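Chemist: This is the content of data-v7.cif (mmCIF, C-alpha atoms):
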```
data_coords
loop_
_atom_site.label_atom_id
_atom_site.label_comp_id
_atom_site.auth_asym_id
_atom_site.auth_seq_id
_atom_site.Cartn_x
_atom_site.Cartn_y
_atom_site.Cartn_z
CA MET A 253 -8.68 68.24 36.38
CA SER A 254 -6.37 70.19 38.69
CA ASP A 255 -2.63 70.46 37.95
CA SER A 256 -1.71 68.95 41.33
CA SER A 257 -3.80 65.81 40.79
CA GLN A 258 -2.43 65.36 37.27
CA GLN A 259 1.16 65.78 38.38
CA SER A 260 0.69 63.35 41.27
CA ALA A 261 -0.85 60.78 38.93
CA ALA A 262 2.01 61.13 36.48
CA THR A 263 4.63 60.98 39.24
CA ALA A 264 3.07 57.84 40.69
CA ALA A 265 3.06 56.22 37.26
CA LEU A 266 6.72 57.06 36.67
CA SER A 267 7.67 55.48 40.00
CA ARG A 268 6.38 52.11 38.82
CA ALA A 269 8.25 49.71 36.59
CA PRO A 270 8.01 50.36 32.83
CA HIS A 271 5.17 48.80 30.88
CA LYS A 272 5.78 45.29 29.68
CA SER A 273 4.36 43.77 26.54
CA SER A 274 2.86 40.32 27.10
CA GLY A 275 4.44 39.09 23.88
CA SER A 276 7.94 40.47 24.56
CA LEU A 277 9.05 37.69 26.96
CA GLY A 278 10.21 40.12 29.63
CA GLN A 279 11.90 42.65 27.37
CA ALA A 280 10.94 46.24 28.15
CA ALA A 281 8.71 47.87 25.59
CA GLN A 282 9.66 51.26 24.25
CA ALA A 283 7.94 53.98 26.25
CA PRO A 284 5.33 55.84 24.17
CA GLY A 285 5.64 59.53 23.46
CA ALA A 286 3.13 62.25 24.20
CA TRP A 287 1.77 62.24 20.65
CA GLU A 288 1.09 58.47 20.71
CA VAL A 289 -0.67 58.68 24.08
CA ASN A 290 -2.61 61.71 22.90
CA ASP A 291 -3.76 59.91 19.75
CA PHE A 292 -4.93 56.87 21.72
CA LEU A 293 -6.77 58.95 24.32
CA ARG A 294 -8.53 61.02 21.65
CA VAL A 295 -10.00 57.90 20.04
CA PHE A 296 -10.76 56.29 23.41
CA CYS A 297 -12.55 59.32 24.87
CA ALA A 298 -14.52 60.03 21.70
CA ALA A 299 -15.68 56.40 21.58
CA LEU A 300 -16.69 56.42 25.24
CA LEU A 301 -18.74 59.60 24.79
CA ALA A 302 -20.39 58.28 21.62
CA VAL A 303 -21.75 55.16 23.33
CA GLY A 304 -23.40 57.04 26.19
CA ALA A 305 -20.90 57.57 29.02
CA GLN A 306 -21.18 60.59 31.29
CA THR A 307 -18.40 63.17 31.09
CA ALA A 308 -16.98 62.44 34.56
CA ARG A 309 -16.38 58.79 33.63
CA VAL A 310 -14.52 59.85 30.48
CA ASP A 311 -12.44 62.33 32.47
CA ARG A 312 -11.49 59.73 35.08
CA ASN A 313 -10.49 57.18 32.45
CA ALA A 314 -8.37 59.73 30.58
CA VAL A 315 -6.45 60.69 33.73
CA ARG A 316 -6.04 57.04 34.72
CA ILE A 317 -4.69 55.93 31.34
CA ALA A 318 -2.41 58.94 30.88
CA GLY A 319 -0.98 58.43 34.37
CA ALA A 320 -0.29 54.76 33.61
CA PHE A 321 2.01 55.85 30.77
CA GLY A 322 3.66 58.61 32.81
CA PHE A 323 1.71 61.60 31.51
CA ALA A 324 -0.80 64.14 32.78
CA VAL A 325 -3.84 65.10 30.71
CA ASP A 326 -6.15 68.10 30.41
CA LEU A 327 -9.50 67.26 28.80
CA ALA A 328 -12.21 69.64 27.59
CA VAL A 329 -15.46 68.11 26.32
CA PHE A 330 -17.95 69.92 24.09
CA PRO A 331 -21.21 68.65 22.56
CA LYS A 332 -19.60 67.56 19.27
CA HIS A 333 -15.86 67.84 19.87
CA LEU A 334 -13.24 67.23 22.52
CA MET A 335 -9.82 68.78 23.11
CA LEU A 336 -7.10 67.13 25.13
CA SER A 337 -3.53 68.00 26.01
CA VAL A 338 -1.05 65.38 27.17
CA THR A 339 2.04 66.48 29.12
CA SER A 340 5.00 64.51 30.43
CA ALA A 341 5.84 64.62 34.13
CA ASP A 342 8.79 66.98 33.55
CA GLY A 343 6.69 69.23 31.28
CA ARG A 344 9.07 68.93 28.32
CA ASP A 345 6.86 66.80 26.08
CA ARG A 346 3.38 68.20 25.38
CA ARG A 347 0.90 67.44 22.62
CA THR A 348 -2.58 68.92 22.09
CA SER A 349 -5.25 67.69 19.69
CA VAL A 350 -8.94 68.11 18.86
CA GLY A 351 -11.26 65.24 17.99
CA SER A 352 -14.84 64.82 16.79
CA ILE A 353 -17.51 62.96 18.73
CA LYS A 354 -19.60 60.93 16.33
CA ALA A 355 -23.24 60.49 17.27
CA GLY A 356 -24.07 56.91 18.14
CA ALA A 357 -26.62 54.79 19.92
CA PRO A 358 -26.06 54.17 23.65
CA ASP A 359 -24.31 50.85 24.23
CA PHE A 360 -23.73 49.92 27.86
CA GLN A 361 -21.78 46.82 26.85
CA LYS A 362 -19.19 48.99 25.14
CA VAL A 363 -19.22 51.49 28.01
CA ALA A 364 -18.39 48.65 30.41
CA GLY A 365 -15.75 47.24 28.05
CA LEU A 366 -14.00 50.59 27.59
CA ASN A 367 -14.10 51.32 31.30
CA ALA A 368 -12.62 47.89 32.01
CA LEU A 369 -9.89 48.56 29.45
CA GLY A 370 -8.94 51.72 31.34
CA TRP A 371 -8.37 49.66 34.48
CA ARG A 372 -6.56 46.87 32.58
CA ILE A 373 -4.03 49.36 31.23
CA VAL A 374 -3.17 50.30 34.82
CA ASP A 375 -3.43 46.92 36.53
CA GLU A 376 -1.91 44.71 33.82
CA ARG A 377 0.64 47.26 32.59
CA LEU A 378 -0.53 46.94 28.99
CA SER A 379 1.68 48.47 26.33
CA LEU A 380 0.17 51.12 24.10
CA GLU A 381 0.01 48.69 21.19
CA GLU A 382 -1.84 46.14 23.30
CA ALA A 383 -4.22 48.86 24.46
CA ARG A 384 -4.88 49.84 20.82
CA GLN A 385 -5.64 46.25 19.89
CA SER A 386 -8.03 45.88 22.82
CA LEU A 387 -9.73 49.17 21.91
CA ASP A 388 -10.22 48.05 18.30
CA ALA A 389 -11.63 44.72 19.49
CA ILE A 390 -14.17 46.45 21.73
CA LEU A 391 -15.30 48.94 19.09
CA SER A 392 -15.60 46.28 16.38
CA GLY A 393 -17.23 43.72 18.66
CA PRO A 394 -20.43 41.88 17.71
CA ARG A 395 -23.74 43.69 17.93
CA TYR A 396 -27.20 42.38 18.63
CA HIS A 397 -29.22 41.42 15.57
CA PRO A 398 -31.54 44.29 14.56
CA ALA A 399 -34.59 42.00 14.51
CA LEU A 400 -33.86 40.84 18.06
CA VAL A 401 -33.51 44.45 19.20
CA ARG A 402 -36.87 45.33 17.63
CA ILE A 403 -38.63 42.48 19.41
CA LEU A 404 -37.05 43.27 22.77
CA VAL A 405 -37.87 46.98 22.48
CA ALA A 406 -41.46 46.15 21.53
CA CYS A 407 -41.78 43.82 24.53
CA ALA A 408 -40.34 46.48 26.84
CA ASN A 409 -42.73 49.13 25.55
CA ALA A 410 -45.68 46.79 25.94
CA ALA A 411 -44.53 46.28 29.52
CA PHE A 412 -44.52 50.07 29.99
CA CYS A 413 -48.10 50.08 28.75
CA ARG A 414 -48.98 47.52 31.42
CA LEU A 415 -47.29 49.64 34.09
CA PHE A 416 -49.70 52.43 33.17
CA GLU A 417 -52.59 49.99 33.68
CA GLY A 418 -53.11 49.17 30.01
CA ASP A 419 -55.11 46.01 29.28
CA ALA A 420 -54.09 43.10 27.03
CA THR A 421 -55.55 44.76 23.93
CA ALA A 422 -53.63 47.96 24.59
CA MET A 423 -50.43 45.98 25.15
CA GLY A 424 -50.89 44.20 21.82
CA MET A 425 -51.41 47.47 19.95
CA VAL A 426 -48.36 49.00 21.64
CA PHE A 427 -46.28 45.96 20.72
CA ILE A 428 -47.23 46.23 17.03
CA ALA A 429 -46.84 50.03 16.96
CA THR A 430 -43.42 49.84 18.61
CA LEU A 431 -42.27 47.07 16.30
CA ALA A 432 -43.11 49.16 13.23
CA GLY A 433 -41.86 52.43 14.71
CA PHE A 434 -38.51 51.02 15.77
CA TYR A 435 -38.04 49.31 12.40
CA LEU A 436 -38.61 52.69 10.74
CA ARG A 437 -36.10 54.25 13.11
CA GLN A 438 -33.46 51.67 12.19
CA LEU A 439 -34.05 52.33 8.49
CA LEU A 440 -33.88 56.11 8.82
CA VAL A 441 -30.71 55.94 10.90
CA ARG A 442 -29.16 53.67 8.27
CA TRP A 443 -30.10 56.24 5.61
CA ARG A 444 -28.46 58.99 7.71
CA VAL A 445 -31.65 61.02 8.16
CA ASP A 446 -31.44 63.86 10.68
CA GLY A 447 -32.23 62.68 14.19
CA LYS A 448 -35.00 65.20 14.79
CA ILE A 449 -36.83 64.08 11.66
CA VAL A 450 -36.32 60.44 12.70
CA PHE A 451 -37.98 61.01 16.07
CA PHE A 452 -40.85 62.98 14.56
CA LEU A 453 -41.64 60.38 11.87
CA CYS A 454 -41.28 57.41 14.22
CA ALA A 455 -43.57 59.02 16.79
CA PHE A 456 -46.12 59.77 14.08
CA VAL A 457 -46.09 56.23 12.63
CA ALA A 458 -46.15 54.47 16.02
CA SER A 459 -49.00 56.60 17.36
CA LEU A 460 -50.90 56.25 14.07
CA LEU A 461 -50.81 52.47 14.39
CA ALA A 462 -52.05 52.65 17.99
CA ALA A 463 -54.79 55.21 17.28
CA PRO A 464 -57.43 52.79 15.85
CA GLY A 465 -57.95 51.51 19.38
CA VAL A 466 -59.21 54.96 20.36
CA LEU A 467 -61.31 55.40 17.21
CA PHE A 468 -63.02 51.99 17.37
CA HIS A 469 -62.99 51.61 21.17
CA TRP A 470 -60.87 48.44 21.25
CA GLY A 471 -60.33 47.27 24.80
CA THR A 472 -60.91 49.29 27.93
CA THR A 473 -57.74 51.45 27.86
CA PRO A 474 -57.18 52.59 24.24
CA GLN A 475 -55.90 56.01 25.37
CA THR A 476 -53.15 54.30 27.34
CA ALA A 477 -52.08 52.43 24.22
CA LEU A 478 -51.88 55.67 22.22
CA ALA A 479 -49.84 57.44 24.90
CA ALA A 480 -47.50 54.49 25.49
CA SER A 481 -46.86 53.85 21.79
CA VAL A 482 -44.15 56.54 21.65
CA LEU A 483 -42.41 55.82 24.96
CA PHE A 484 -39.67 53.79 23.26
CA LEU A 485 -38.39 57.04 21.74
CA ILE A 486 -37.91 58.92 25.03
CA PRO A 487 -34.18 59.81 25.30
CA GLY A 488 -33.76 58.58 28.85
CA ILE A 489 -29.98 58.04 28.77
CA PRO A 490 -29.17 61.56 27.50
CA LEU A 491 -31.42 63.03 30.18
CA ILE A 492 -29.75 60.99 32.93
CA ASN A 493 -26.28 61.88 31.63
CA ALA A 494 -27.28 65.55 31.50
CA MET A 495 -28.22 65.53 35.18
CA LEU A 496 -25.06 63.61 36.12
CA ASP A 497 -22.87 66.03 34.18
CA ILE A 498 -24.45 69.06 35.84
CA MET A 499 -24.06 67.54 39.31
CA ASP A 500 -20.43 66.61 38.54
CA GLY A 501 -19.62 70.18 37.54
CA HIS A 502 -19.60 69.66 33.77
CA ALA A 503 -22.34 72.23 33.30
CA LEU A 504 -21.65 73.02 29.64
CA MET A 505 -21.92 69.40 28.55
CA GLY A 506 -24.85 68.77 30.88
CA PHE A 507 -26.93 71.65 29.58
CA ALA A 508 -26.05 70.77 25.98
CA ARG A 509 -27.26 67.22 26.50
CA ALA A 510 -30.41 68.44 28.25
CA VAL A 511 -31.22 70.80 25.36
CA GLN A 512 -30.66 68.07 22.78
CA ALA A 513 -32.87 65.65 24.70
CA SER A 514 -35.57 68.32 25.09
CA ILE A 515 -35.58 68.95 21.34
CA LEU A 516 -36.07 65.23 20.71
CA ILE A 517 -38.93 65.11 23.21
CA ALA A 518 -40.54 68.05 21.41
CA CYS A 519 -40.25 66.13 18.12
CA ILE A 520 -41.95 63.12 19.74
CA ALA A 521 -44.76 65.35 21.01
CA LEU A 522 -45.23 66.88 17.55
CA GLY A 523 -45.49 63.44 15.94
CA LEU A 524 -48.08 62.34 18.49
CA ALA A 525 -49.97 65.62 18.14
CA LEU A 526 -50.11 65.23 14.36
CA THR A 527 -51.72 61.80 14.72
CA MET A 528 -54.28 63.14 17.18
CA ALA A 529 -55.08 66.08 14.90
CA LEU A 530 -55.51 63.92 11.79
CA LEU A 531 -57.73 61.37 13.49
CA GLY A 532 -59.69 63.83 15.61
CA VAL A 533 -58.51 62.47 18.97
CA SER A 534 -59.01 65.25 21.46
CA SER A 535 -57.36 63.79 24.57
CA LEU A 536 -55.39 60.85 25.91
#
```
Once you've parsed the file, please lay out its structure as structure tokens.
Modeler:
Amino acid sequence: MSDSSQQSAATAALSRAPHKSSGSLGQAAQAPGAWEVNDFLRVFCAALLAVGAQTARVDRNAVRIAGAFGFAVDLAVFPKHLMLSVTSADGRDRRTSVGSIKAGAPDFQKVAGLNALGWRIVDERLSLEEARQSLDAILSGPRYHPALVRILVACANAAFCRLFEGDATAMGMVFIATLAGFYLRQLLVRWRVDGKIVFFLCAFVASLLAAPGVLFHWGTTPQTALAASVLFLIPGIPLINAMLDIMDGHALMGFARAVQASILIACIALGLALTMALLGVSSL
């Protein structure tokens, strides 16, 4: 972000009344220092990136929150780390830190919750302690049951098969293949297996379960079932975020995300190709 926009945001924040704590009964809360704001923003931004937010959204939230507490912020985002520097409006108080971005599954519910928290800090004048409590509540919030996620993903992939003109038999095979493949993915992620190996093995298992339709000529569109069996693995969100980052000027992060997504797609293709080679399937 430019220095002028950061300074104006900090100046506007300082012109407002001090933050009030909802539990303080009107008593002014102690203003946080640069290190406290920096520590909160590092955790907040890393969490927002881990759950699938594009870089521009993270940047906007960081500037918004820092300005609400009377600070300006400089944020640099890299594929696995972020660096941010928080500076007071008069430039006397500055703190810089580096944080790690932990890989995680995309979660739009948490993206929406964290984005809403950024606005609440500004609109409701939350204290830093209240903001920390809200952040912890969002990050530790309930998650969907793994079995429910498997069923929903299998239904969605069967619907993809139908979109590609697959018949009922093909949809059934895709449903079963996706159910097994996604269950394997959940297990491998829990065992902390490398992501590239996870995508390769899941693509191989899912396509292997859908391949009998091609071998024994089940239904009228067995090739569609085989091709659609691995669609649940396509990293659509990283690809979309990569394009958004590049268009927003965050070229480094955008290209890094595009390369990572391309590697995963190559792993999916290798898993599918292995199934076709083992079973003698020449084409889809």
Chemist: Neighbours of segment 401-407 of chain A within 12 Å (all atoms listed in the file; same-chain residues fewer than 6 positions away dropped), as a list in words?
Modeler: Arg395, Cys413, Arg414, Met423, Gly424, Met425, Val426, Phe427, Ile428, Ala429, Thr430, Leu431, Ala432, Gly433, Phe434, Tyr435, Leu436, Arg437, Gln438, Leu439, Ala458, Ala480, Ser481, Val482, Leu483, Phe484 and Leu485 of chain A
Chemist: My list of candidates is A:Ala324, A:Ala518, A:Ile317, A:Ala477. Which is closest to Asn409 of chain A when distances are computed with all atoms listed in the file?
Modeler: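 Among A:Ala324, A:Ala518, A:Ile317, A:Ala477, it is A:Ala477 that comes nearest to Asn409 of chain A.
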Chemist: Which is closest to Leu334 of chain A among A:Gln282, A:Gln306, A:Ser352, A:Ser392, if we use only C-alpha atoms?
Modeler: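 Once distances to Leu334 of chain A are computed over only C-alpha atoms, the minimum belongs to A:Ser352.
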Chemist: Report, in Å to a single decimal, how far apart atom CA of Asp291 of chain A and atom CA of His502 of chain A are.
Modeler: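 About the pair atom CA of His502 of chain A and atom CA of Asp291 of chain A: they are 23.3 Å apart.
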Chemist: For the structure shown, which residues end up in the PyMOL selection byres ((chain A and resi 470) around 12)? Put them as a PyMOL selection string, please?
Modeler: chain A and resi 418-425+462-469+471-478
Chemist: Would you save the residues from that selection as a CSV table (one decimal), in the frame of the given file, using C-alpha atoms?
Modeler:
```csv
chain,number,residue,atom,x,y,z
A,418,GLY,CA,-53.1,49.2,30.0
A,419,ASP,CA,-55.1,46.0,29.3
A,420,ALA,CA,-54.1,43.1,27.0
A,421,THR,CA,-55.6,44.8,23.9
A,422,ALA,CA,-53.6,48.0,24.6
A,423,MET,CA,-50.4,46.0,25.2
A,424,GLY,CA,-50.9,44.2,21.8
A,425,MET,CA,-51.4,47.5,20.0
A,462,ALA,CA,-52.0,52.6,18.0
A,463,ALA,CA,-54.8,55.2,17.3
A,464,PRO,CA,-57.4,52.8,15.8
A,465,GLY,CA,-58.0,51.5,19.4
A,466,VAL,CA,-59.2,55.0,20.4
A,467,LEU,CA,-61.3,55.4,17.2
A,468,PHE,CA,-63.0,52.0,17.4
A,469,HIS,CA,-63.0,51.6,21.2
A,471,GLY,CA,-60.3,47.3,24.8
A,472,THR,CA,-60.9,49.3,27.9
A,473,THR,CA,-57.7,51.4,27.9
A,474,PRO,CA,-57.2,52.6,24.2
A,475,GLN,CA,-55.9,56.0,25.4
A,476,THR,CA,-53.2,54.3,27.3
A,477,ALA,CA,-52.1,52.4,24.2
A,478,LEU,CA,-51.9,55.7,22.2
```
Chemist: Please, what distance in Å, to one decimal, runs between atom CA of Asn367 of chain A and atom CA of Arg347 of chain A?
Modeler: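 These two atoms are separated by 23.7 Å.
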Chemist: Restricting the calculation to all atoms listed in the file, which member of A:Thr307, A:Ser386, A:Gln512, A:Asn493 is positioned closest to Gly447 of chain A?
Modeler: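 With all atoms listed in the file as the atom set, the closest residue is A:Gln512.
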Chemist: Determine the nearest neighbour of Cys454 of chain A from the options A:Ala408, A:Leu524, A:Ile498, A:Ala283, counting all atoms listed in the file.
Modeler: A:Leu524
